[in-house]
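S.K.: The file below is model-v4.pdb, PDB, C-alpha atoms:
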```pdb
MODEL        1
ATOM      1  CA  MET A   1       0.000   0.000   0.000
ATOM      2  CA  PRO A   2       1.513   3.327  -1.018
ATOM      3  CA  LEU A   3       2.058   6.159   1.387
ATOM      4  CA  ILE A   4       0.006   8.912  -0.187
ATOM      5  CA  ASN A   5       1.055  12.505   0.379
ATOM      6  CA  PHE A   6      -2.196  14.177   1.390
ATOM      7  CA  TRP A   7      -0.774  17.643   0.703
ATOM      8  CA  ALA A   8      -0.253  16.545  -2.891
ATOM      9  CA  VAL A   9      -3.833  15.251  -3.036
ATOM     10  CA  LEU A  10      -5.118  18.542  -1.610
ATOM     11  CA  THR A  11      -2.996  20.488  -4.115
ATOM     12  CA  ALA A  12      -4.338  18.382  -6.982
ATOM     13  CA  GLY A  13      -7.910  18.930  -5.750
ATOM     14  CA  ILE A  14      -7.404  22.684  -5.572
ATOM     15  CA  LEU A  15      -5.780  22.728  -9.011
ATOM     16  CA  SER A  16      -8.775  20.841 -10.354
ATOM     17  CA  MET A  17     -11.144  23.519  -9.068
ATOM     18  CA  VAL A  18      -9.011  26.410 -10.334
ATOM     19  CA  LEU A  19      -8.637  24.816 -13.758
ATOM     20  CA  GLY A  20     -12.363  24.034 -13.891
ATOM     21  CA  PHE A  21     -13.233  27.622 -12.962
ATOM     22  CA  LEU A  22     -11.038  28.956 -15.766
ATOM     23  CA  TRP A  23     -11.968  26.264 -18.310
ATOM     24  CA  TYR A  24     -15.730  26.420 -17.869
ATOM     25  CA  GLY A  25     -15.686  30.162 -17.178
ATOM     26  CA  PRO A  26     -13.679  32.684 -19.154
ATOM     27  CA  LEU A  27     -11.905  30.225 -21.479
ATOM     28  CA  PHE A  28     -14.626  27.930 -22.854
ATOM     29  CA  GLY A  29     -17.708  28.548 -20.710
ATOM     30  CA  LYS A  30     -19.910  30.006 -23.427
ATOM     31  CA  VAL A  31     -19.035  27.242 -25.890
ATOM     32  CA  TRP A  32     -19.793  24.600 -23.275
ATOM     33  CA  MET A  33     -23.073  26.261 -22.217
ATOM     34  CA  ARG A  34     -24.350  26.614 -25.767
ATOM     35  CA  GLY A  35     -23.406  23.004 -26.482
ATOM     36  CA  ASN A  36     -25.467  21.942 -23.462
ATOM     37  CA  GLY A  37     -28.490  24.033 -24.412
ATOM     38  CA  ILE A  38     -27.853  26.833 -21.905
ATOM     39  CA  ASP A  39     -28.164  30.429 -23.107
ATOM     40  CA  PRO A  40     -25.214  32.309 -21.558
ATOM     41  CA  ASP A  41     -26.889  35.618 -22.469
ATOM     42  CA  ASN A  42     -29.958  34.870 -20.316
ATOM     43  CA  LYS A  43     -29.148  37.007 -17.269
ATOM     44  CA  GLU A  44     -32.003  35.614 -15.160
ATOM     45  CA  LEU A  45     -30.905  32.014 -15.794
ATOM     46  CA  MET A  46     -27.244  32.833 -15.116
ATOM     47  CA  ASP A  47     -28.131  34.564 -11.830
ATOM     48  CA  SER A  48     -30.256  31.598 -10.774
ATOM     49  CA  MET A  49     -27.483  29.129 -11.616
ATOM     50  CA  GLN A  50     -24.919  31.212  -9.750
ATOM     51  CA  LYS A  51     -27.077  31.421  -6.602
ATOM     52  CA  SER A  52     -27.488  27.657  -6.432
ATOM     53  CA  SER A  53     -23.898  26.746  -7.272
ATOM     54  CA  GLY A  54     -22.354  26.781  -3.769
ATOM     55  CA  MET A  55     -23.265  23.225  -2.848
ATOM     56  CA  ALA A  56     -22.346  22.014  -6.341
ATOM     57  CA  TYR A  57     -18.849  23.508  -5.986
ATOM     58  CA  LEU A  58     -18.417  21.838  -2.611
ATOM     59  CA  GLN A  59     -19.479  18.480  -4.030
ATOM     60  CA  MET A  60     -17.171  18.922  -7.024
ATOM     61  CA  PHE A  61     -14.285  19.667  -4.654
ATOM     62  CA  VAL A  62     -14.959  16.486  -2.693
ATOM     63  CA  GLY A  63     -15.074  14.595  -6.004
ATOM     64  CA  ALA A  64     -11.794  16.226  -7.074
ATOM     65  CA  LEU A  65     -10.147  15.089  -3.834
ATOM     66  CA  ILE A  66     -11.411  11.533  -4.300
ATOM     67  CA  MET A  67     -10.188  11.521  -7.896
ATOM     68  CA  ALA A  68      -6.775  12.852  -6.861
ATOM     69  CA  TYR A  69      -6.458  10.261  -4.079
ATOM     70  CA  VAL A  70      -7.284   7.345  -6.369
ATOM     71  CA  PHE A  71      -5.157   8.832  -9.146
ATOM     72  CA  ALA A  72      -2.227   9.058  -6.711
ATOM     73  CA  HIS A  73      -2.393   5.281  -6.309
ATOM     74  CA  ALA A  74      -2.170   4.821 -10.096
ATOM     75  CA  VAL A  75       0.763   7.234 -10.342
ATOM     76  CA  TRP A  76       2.537   5.506  -7.454
ATOM     77  CA  ALA A  77       2.035   2.050  -9.017
ATOM     78  CA  TYR A  78       3.227   3.231 -12.423
ATOM     79  CA  LYS A  79       6.279   4.999 -11.002
ATOM     80  CA  ASN A  80       7.232   1.862  -9.098
ATOM     81  CA  SER A  81       6.840  -0.376 -12.142
ATOM     82  CA  ILE A  82       9.168   1.576 -14.446
ATOM     83  CA  SER A  83      12.655   2.926 -14.091
ATOM     84  CA  GLN A  84      11.615   6.434 -15.085
ATOM     85  CA  ALA A  85      10.284   7.810 -11.811
ATOM     86  CA  ASP A  86       9.944  11.525 -12.461
ATOM     87  CA  TRP A  87       7.306  13.937 -13.728
ATOM     88  CA  ILE A  88       7.239  12.141 -17.094
ATOM     89  CA  ALA A  89       5.673   9.154 -15.335
ATOM     90  CA  GLY A  90       2.856  11.353 -14.026
ATOM     91  CA  LEU A  91       2.317  12.833 -17.462
ATOM     92  CA  GLN A  92       2.120   9.371 -18.995
ATOM     93  CA  VAL A  93      -0.329   8.080 -16.392
ATOM     94  CA  GLY A  94      -2.519  11.143 -16.889
ATOM     95  CA  PHE A  95      -2.586  10.650 -20.642
ATOM     96  CA  TRP A  96      -3.270   6.897 -20.542
ATOM     97  CA  ILE A  97      -6.043   7.216 -17.967
ATOM     98  CA  TRP A  98      -7.613   9.960 -20.078
ATOM     99  CA  LEU A  99      -7.337   7.871 -23.246
ATOM    100  CA  GLY A 100      -8.570   4.638 -21.695
ATOM    101  CA  PHE A 101     -11.302   5.875 -19.355
ATOM    102  CA  VAL A 102     -12.350   9.470 -19.986
ATOM    103  CA  LEU A 103     -12.345   9.565 -23.797
ATOM    104  CA  PRO A 104     -14.547   6.486 -24.290
ATOM    105  CA  VAL A 105     -17.029   7.559 -21.614
ATOM    106  CA  LYS A 106     -17.329  11.151 -22.819
ATOM    107  CA  TYR A 107     -17.565   9.985 -26.434
ATOM    108  CA  GLY A 108     -20.706   8.170 -25.338
ATOM    109  CA  ASP A 109     -22.254  11.610 -24.745
ATOM    110  CA  ILE A 110     -22.003  12.217 -28.482
ATOM    111  CA  LEU A 111     -23.316   8.800 -29.431
ATOM    112  CA  TRP A 112     -26.119   8.280 -26.920
ATOM    113  CA  ASN A 113     -26.986  11.699 -25.517
ATOM    114  CA  LYS A 114     -26.644  13.502 -28.841
ATOM    115  CA  LYS A 115     -24.475  16.204 -27.292
ATOM    116  CA  PRO A 116     -22.717  18.432 -29.793
ATOM    117  CA  ILE A 117     -19.041  17.799 -30.388
ATOM    118  CA  SER A 118     -18.226  21.329 -29.156
ATOM    119  CA  ALA A 119     -19.532  20.639 -25.632
ATOM    120  CA  VAL A 120     -17.875  17.229 -25.454
ATOM    121  CA  ALA A 121     -14.595  18.646 -26.797
ATOM    122  CA  VAL A 122     -14.537  21.193 -23.969
ATOM    123  CA  ASP A 123     -15.012  18.391 -21.425
ATOM    124  CA  LEU A 124     -12.470  16.090 -23.086
ATOM    125  CA  SER A 125      -9.793  18.750 -23.311
ATOM    126  CA  TYR A 126     -10.421  19.807 -19.695
ATOM    127  CA  TYR A 127      -9.920  16.271 -18.415
ATOM    128  CA  LEU A 128      -6.830  15.740 -20.550
ATOM    129  CA  VAL A 129      -5.188  18.896 -19.201
ATOM    130  CA  LEU A 130      -6.370  18.154 -15.662
ATOM    131  CA  LEU A 131      -5.112  14.566 -15.597
ATOM    132  CA  VAL A 132      -1.752  15.480 -17.082
ATOM    133  CA  ILE A 133      -1.230  18.354 -14.632
ATOM    134  CA  ASN A 134      -2.402  16.301 -11.661
ATOM    135  CA  GLY A 135      -0.233  13.394 -12.780
ATOM    136  CA  ILE A 136       2.812  15.638 -12.844
ATOM    137  CA  VAL A 137       1.989  17.172  -9.437
ATOM    138  CA  LEU A 138       1.298  13.824  -7.809
ATOM    139  CA  SER A 139       4.380  12.153  -9.296
ATOM    140  CA  TYR A 140       6.556  14.933  -7.925
ATOM    141  CA  PHE A 141       5.340  14.306  -4.359
ATOM    142  CA  LEU A 142       5.084  10.510  -4.366
TER     143      LEU A 142
ENDMDL
END
```
Would you write the structure of this file as structure tokens?

M.R.:
Amino acid sequence: MPLINFWAVLTAGILSMVLGFLWYGPLFGKVWMRGNGIDPDNKELMDSMQKSSGMAYLQMFVGALIMAYVFAHAVWAYKNSISQADWIAGLQVGFWIWLGFVLPVKYGDILWNKKPISAVAVDLSYYLVLLVINGIVLSYFL
């Protein structure tokens, strides 16, 4: 059983929230909203969503911590199975987990939920960047 650095997990969780705020806000928020049928120009709707978002952010943070904790185990196992035990290992784990788990699941949104490619692309790119960054952070501290 690996000794997980909880400061690294907390850092990865915080980075997840900061990246999500930027990604789904000023960077790609309007593209994502339109792709999900939300009118970003509807002030009343935006105000309503903002007022009710506190609990959602808290739950997302808890989810980000859980993801970082489990991800730390994968990074630790990968680092201990190869001779290259530096930030490259974390980058590789992030990419392979994204390719093997996130991409197929999110692609299902296009196939089964008929979501537009623009909305799914925002999600896919977010998780790719997030997993690579978190992989690098976690590999540095494990």

S.K.: May I have the residues within 9 Å of Ala89 (chain A) as an mmCIF file with C-alpha atoms, in the coordinates of the input, using all atoms listed in the file and disregarding those fewer than 4 positions away in the same chain?

M.R.:
```cif
data_model
loop_
_atom_site.group_PDB
_atom_site.id
_atom_site.type_symbol
_atom_site.label_atom_id
_atom_site.label_comp_id
_atom_site.auth_asym_id
_atom_site.auth_seq_id
_atom_site.Cartn_x
_atom_site.Cartn_y
_atom_site.Cartn_z
ATOM 1 C CA VAL A 75 0.763 7.234 -10.342
ATOM 2 C CA TYR A 78 3.227 3.231 -12.423
ATOM 3 C CA LYS A 79 6.279 4.999 -11.002
ATOM 4 C CA ILE A 82 9.168 1.576 -14.446
ATOM 5 C CA GLN A 84 11.615 6.434 -15.085
ATOM 6 C CA ALA A 85 10.284 7.810 -11.811
ATOM 7 C CA VAL A 93 -0.329 8.080 -16.392
ATOM 8 C CA GLY A 94 -2.519 11.143 -16.889
ATOM 9 C CA GLY A 135 -0.233 13.394 -12.780
ATOM 10 C CA ILE A 136 2.812 15.638 -12.844
ATOM 11 C CA SER A 139 4.380 12.153 -9.296
#
```

S.K.: To test your reading of the syntax: which residues would the PyMOL selection byres ((chain A and resi 13-20) around 8) return for the file shown? Reply as a PyMOL selection string.

M.R.: chain A and resi 9-12+21-25+60-61+64-65+68+126+130+134

S.K.: Closest to Leu99 (chain A) among A:Ala8, A:Ala77, A:Leu3, A:Leu131, using only C-alpha atoms?

M.R.: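 Result for the nearest residue to Leu99 (chain A): A:Leu131.
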
S.K.: Considering all atoms listed in the file, return as a PyMOL selection string whatever protein or nucleic-acid residues lie within 10 Å of Pro116 (chain A), sequence-local ones (same chain, fewer than 3 positions apart) excluded.

M.R.: chain A and resi 32+34-37+109-111+113+119-121

S.K.: Between CA of Val122 (chain A) and CA of Phe95 (chain A), what is the distance, to one decimal in Å?

M.R.: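 According to the coordinates, CA of Val122 (chain A) and CA of Phe95 (chain A) are separated by 16.3 Å.
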
S.K.: Nearest residue to Lys30 (chain A) out of A:Asn80, A:Ser118, A:Trp87, A:Leu58, using all atoms listed in the file?

M.R.: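 Closest candidate: A:Ser118.
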
S.K.: With distances taken over all atoms listed in the file, which of A:Ile4, A:Lys114, A:Ser52, A:Leu45 is nearest to Ala74 (chain A)?

M.R.: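 Using all atoms listed in the file, Ala74 (chain A) sits closest to A:Ile4.
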
S.K.: Exactly which residues make up the result of the PyMOL selection byres ((chain A and resi 98) around 10) on this file, given as number ranges by chain?

M.R.: A: 92-97, 99-105, 124-125, 127-132

S.K.: Suppose you want the space between CA of Gln50 (chain A) and CA of Val31 (chain A); what is it in Å?

M.R.: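 Taking CA of Gln50 (chain A) and CA of Val31 (chain A), their separation equals 17.6 Å.
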
S.K.: Rank A:Ser53, A:Asn5, A:Gln59, A:Ser48 by their smallest atom-to-atom distance to Phe71 (chain A), using all atoms listed in the file, and report the top residue only.

M.R.: A:Asn5

S.K.: As a PDB file, keeping the file's coordinate frame, could you write out region 29-49 of chain A once it has been completed with N, CA and C atoms?

M.R.:
```pdb
ATOM      1  N   GLY A  29     -16.404  28.637 -21.346  1.00  0.00           N
ATOM      2  CA  GLY A  29     -17.708  28.548 -20.710  1.00  0.00           C
ATOM      3  C   GLY A  29     -18.872  28.744 -21.664  1.00  0.00           C
ATOM      4  N   LYS A  30     -18.788  29.744 -22.513  1.00  0.00           N
ATOM      5  CA  LYS A  30     -19.910  30.006 -23.427  1.00  0.00           C
ATOM      6  C   LYS A  30     -20.065  28.891 -24.449  1.00  0.00           C
ATOM      7  N   VAL A  31     -18.965  28.358 -24.936  1.00  0.00           N
ATOM      8  CA  VAL A  31     -19.035  27.242 -25.890  1.00  0.00           C
ATOM      9  C   VAL A  31     -19.681  26.041 -25.227  1.00  0.00           C
ATOM     10  N   TRP A  32     -19.258  25.745 -24.002  1.00  0.00           N
ATOM     11  CA  TRP A  32     -19.793  24.600 -23.275  1.00  0.00           C
ATOM     12  C   TRP A  32     -21.283  24.785 -22.984  1.00  0.00           C
ATOM     13  N   MET A  33     -21.663  26.006 -22.533  1.00  0.00           N
ATOM     14  CA  MET A  33     -23.073  26.261 -22.217  1.00  0.00           C
ATOM     15  C   MET A  33     -23.957  26.112 -23.449  1.00  0.00           C
ATOM     16  N   ARG A  34     -23.545  26.716 -24.545  1.00  0.00           N
ATOM     17  CA  ARG A  34     -24.350  26.614 -25.767  1.00  0.00           C
ATOM     18  C   ARG A  34     -24.474  25.154 -26.213  1.00  0.00           C
ATOM     19  N   GLY A  35     -23.388  24.415 -26.105  1.00  0.00           N
ATOM     20  CA  GLY A  35     -23.406  23.004 -26.482  1.00  0.00           C
ATOM     21  C   GLY A  35     -24.316  22.162 -25.601  1.00  0.00           C
ATOM     22  N   ASN A  36     -24.589  22.651 -24.383  1.00  0.00           N
ATOM     23  CA  ASN A  36     -25.467  21.942 -23.462  1.00  0.00           C
ATOM     24  C   ASN A  36     -26.853  22.570 -23.384  1.00  0.00           C
ATOM     25  N   GLY A  37     -27.163  23.442 -24.340  1.00  0.00           N
ATOM     26  CA  GLY A  37     -28.490  24.033 -24.412  1.00  0.00           C
ATOM     27  C   GLY A  37     -28.758  25.126 -23.398  1.00  0.00           C
ATOM     28  N   ILE A  38     -27.712  25.751 -22.881  1.00  0.00           N
ATOM     29  CA  ILE A  38     -27.853  26.833 -21.905  1.00  0.00           C
ATOM     30  C   ILE A  38     -27.523  28.141 -22.614  1.00  0.00           C
ATOM     31  N   ASP A  39     -28.395  29.123 -22.490  1.00  0.00           N
ATOM     32  CA  ASP A  39     -28.164  30.429 -23.107  1.00  0.00           C
ATOM     33  C   ASP A  39     -27.341  31.297 -22.155  1.00  0.00           C
ATOM     34  N   PRO A  40     -26.050  31.515 -22.469  1.00  0.00           N
ATOM     35  CA  PRO A  40     -25.214  32.309 -21.558  1.00  0.00           C
ATOM     36  C   PRO A  40     -25.598  33.790 -21.521  1.00  0.00           C
ATOM     37  N   ASP A  41     -26.450  34.223 -22.447  1.00  0.00           N
ATOM     38  CA  ASP A  41     -26.889  35.618 -22.469  1.00  0.00           C
ATOM     39  C   ASP A  41     -28.167  35.843 -21.680  1.00  0.00           C
ATOM     40  N   ASN A  42     -28.750  34.773 -21.127  1.00  0.00           N
ATOM     41  CA  ASN A  42     -29.958  34.870 -20.316  1.00  0.00           C
ATOM     42  C   ASN A  42     -29.551  35.228 -18.890  1.00  0.00           C
ATOM     43  N   LYS A  43     -29.622  36.511 -18.565  1.00  0.00           N
ATOM     44  CA  LYS A  43     -29.148  37.007 -17.269  1.00  0.00           C
ATOM     45  C   LYS A  43     -29.896  36.361 -16.102  1.00  0.00           C
ATOM     46  N   GLU A  44     -31.199  36.209 -16.234  1.00  0.00           N
ATOM     47  CA  GLU A  44     -32.003  35.614 -15.160  1.00  0.00           C
ATOM     48  C   GLU A  44     -31.566  34.174 -14.885  1.00  0.00           C
ATOM     49  N   LEU A  45     -31.350  33.399 -15.933  1.00  0.00           N
ATOM     50  CA  LEU A  45     -30.905  32.014 -15.794  1.00  0.00           C
ATOM     51  C   LEU A  45     -29.511  31.955 -15.179  1.00  0.00           C
ATOM     52  N   MET A  46     -28.609  32.821 -15.645  1.00  0.00           N
ATOM     53  CA  MET A  46     -27.244  32.833 -15.116  1.00  0.00           C
ATOM     54  C   MET A  46     -27.230  33.199 -13.635  1.00  0.00           C
ATOM     55  N   ASP A  47     -28.041  34.184 -13.248  1.00  0.00           N
ATOM     56  CA  ASP A  47     -28.131  34.564 -11.830  1.00  0.00           C
ATOM     57  C   ASP A  47     -28.658  33.414 -10.982  1.00  0.00           C
ATOM     58  N   SER A  48     -29.674  32.735 -11.486  1.00  0.00           N
ATOM     59  CA  SER A  48     -30.256  31.598 -10.774  1.00  0.00           C
ATOM     60  C   SER A  48     -29.230  30.475 -10.619  1.00  0.00           C
ATOM     61  N   MET A  49     -28.502  30.185 -11.678  1.00  0.00           N
ATOM     62  CA  MET A  49     -27.483  29.129 -11.616  1.00  0.00           C
ATOM     63  C   MET A  49     -26.386  29.505 -10.631  1.00  0.00           C
TER      64      MET A  49
END
```
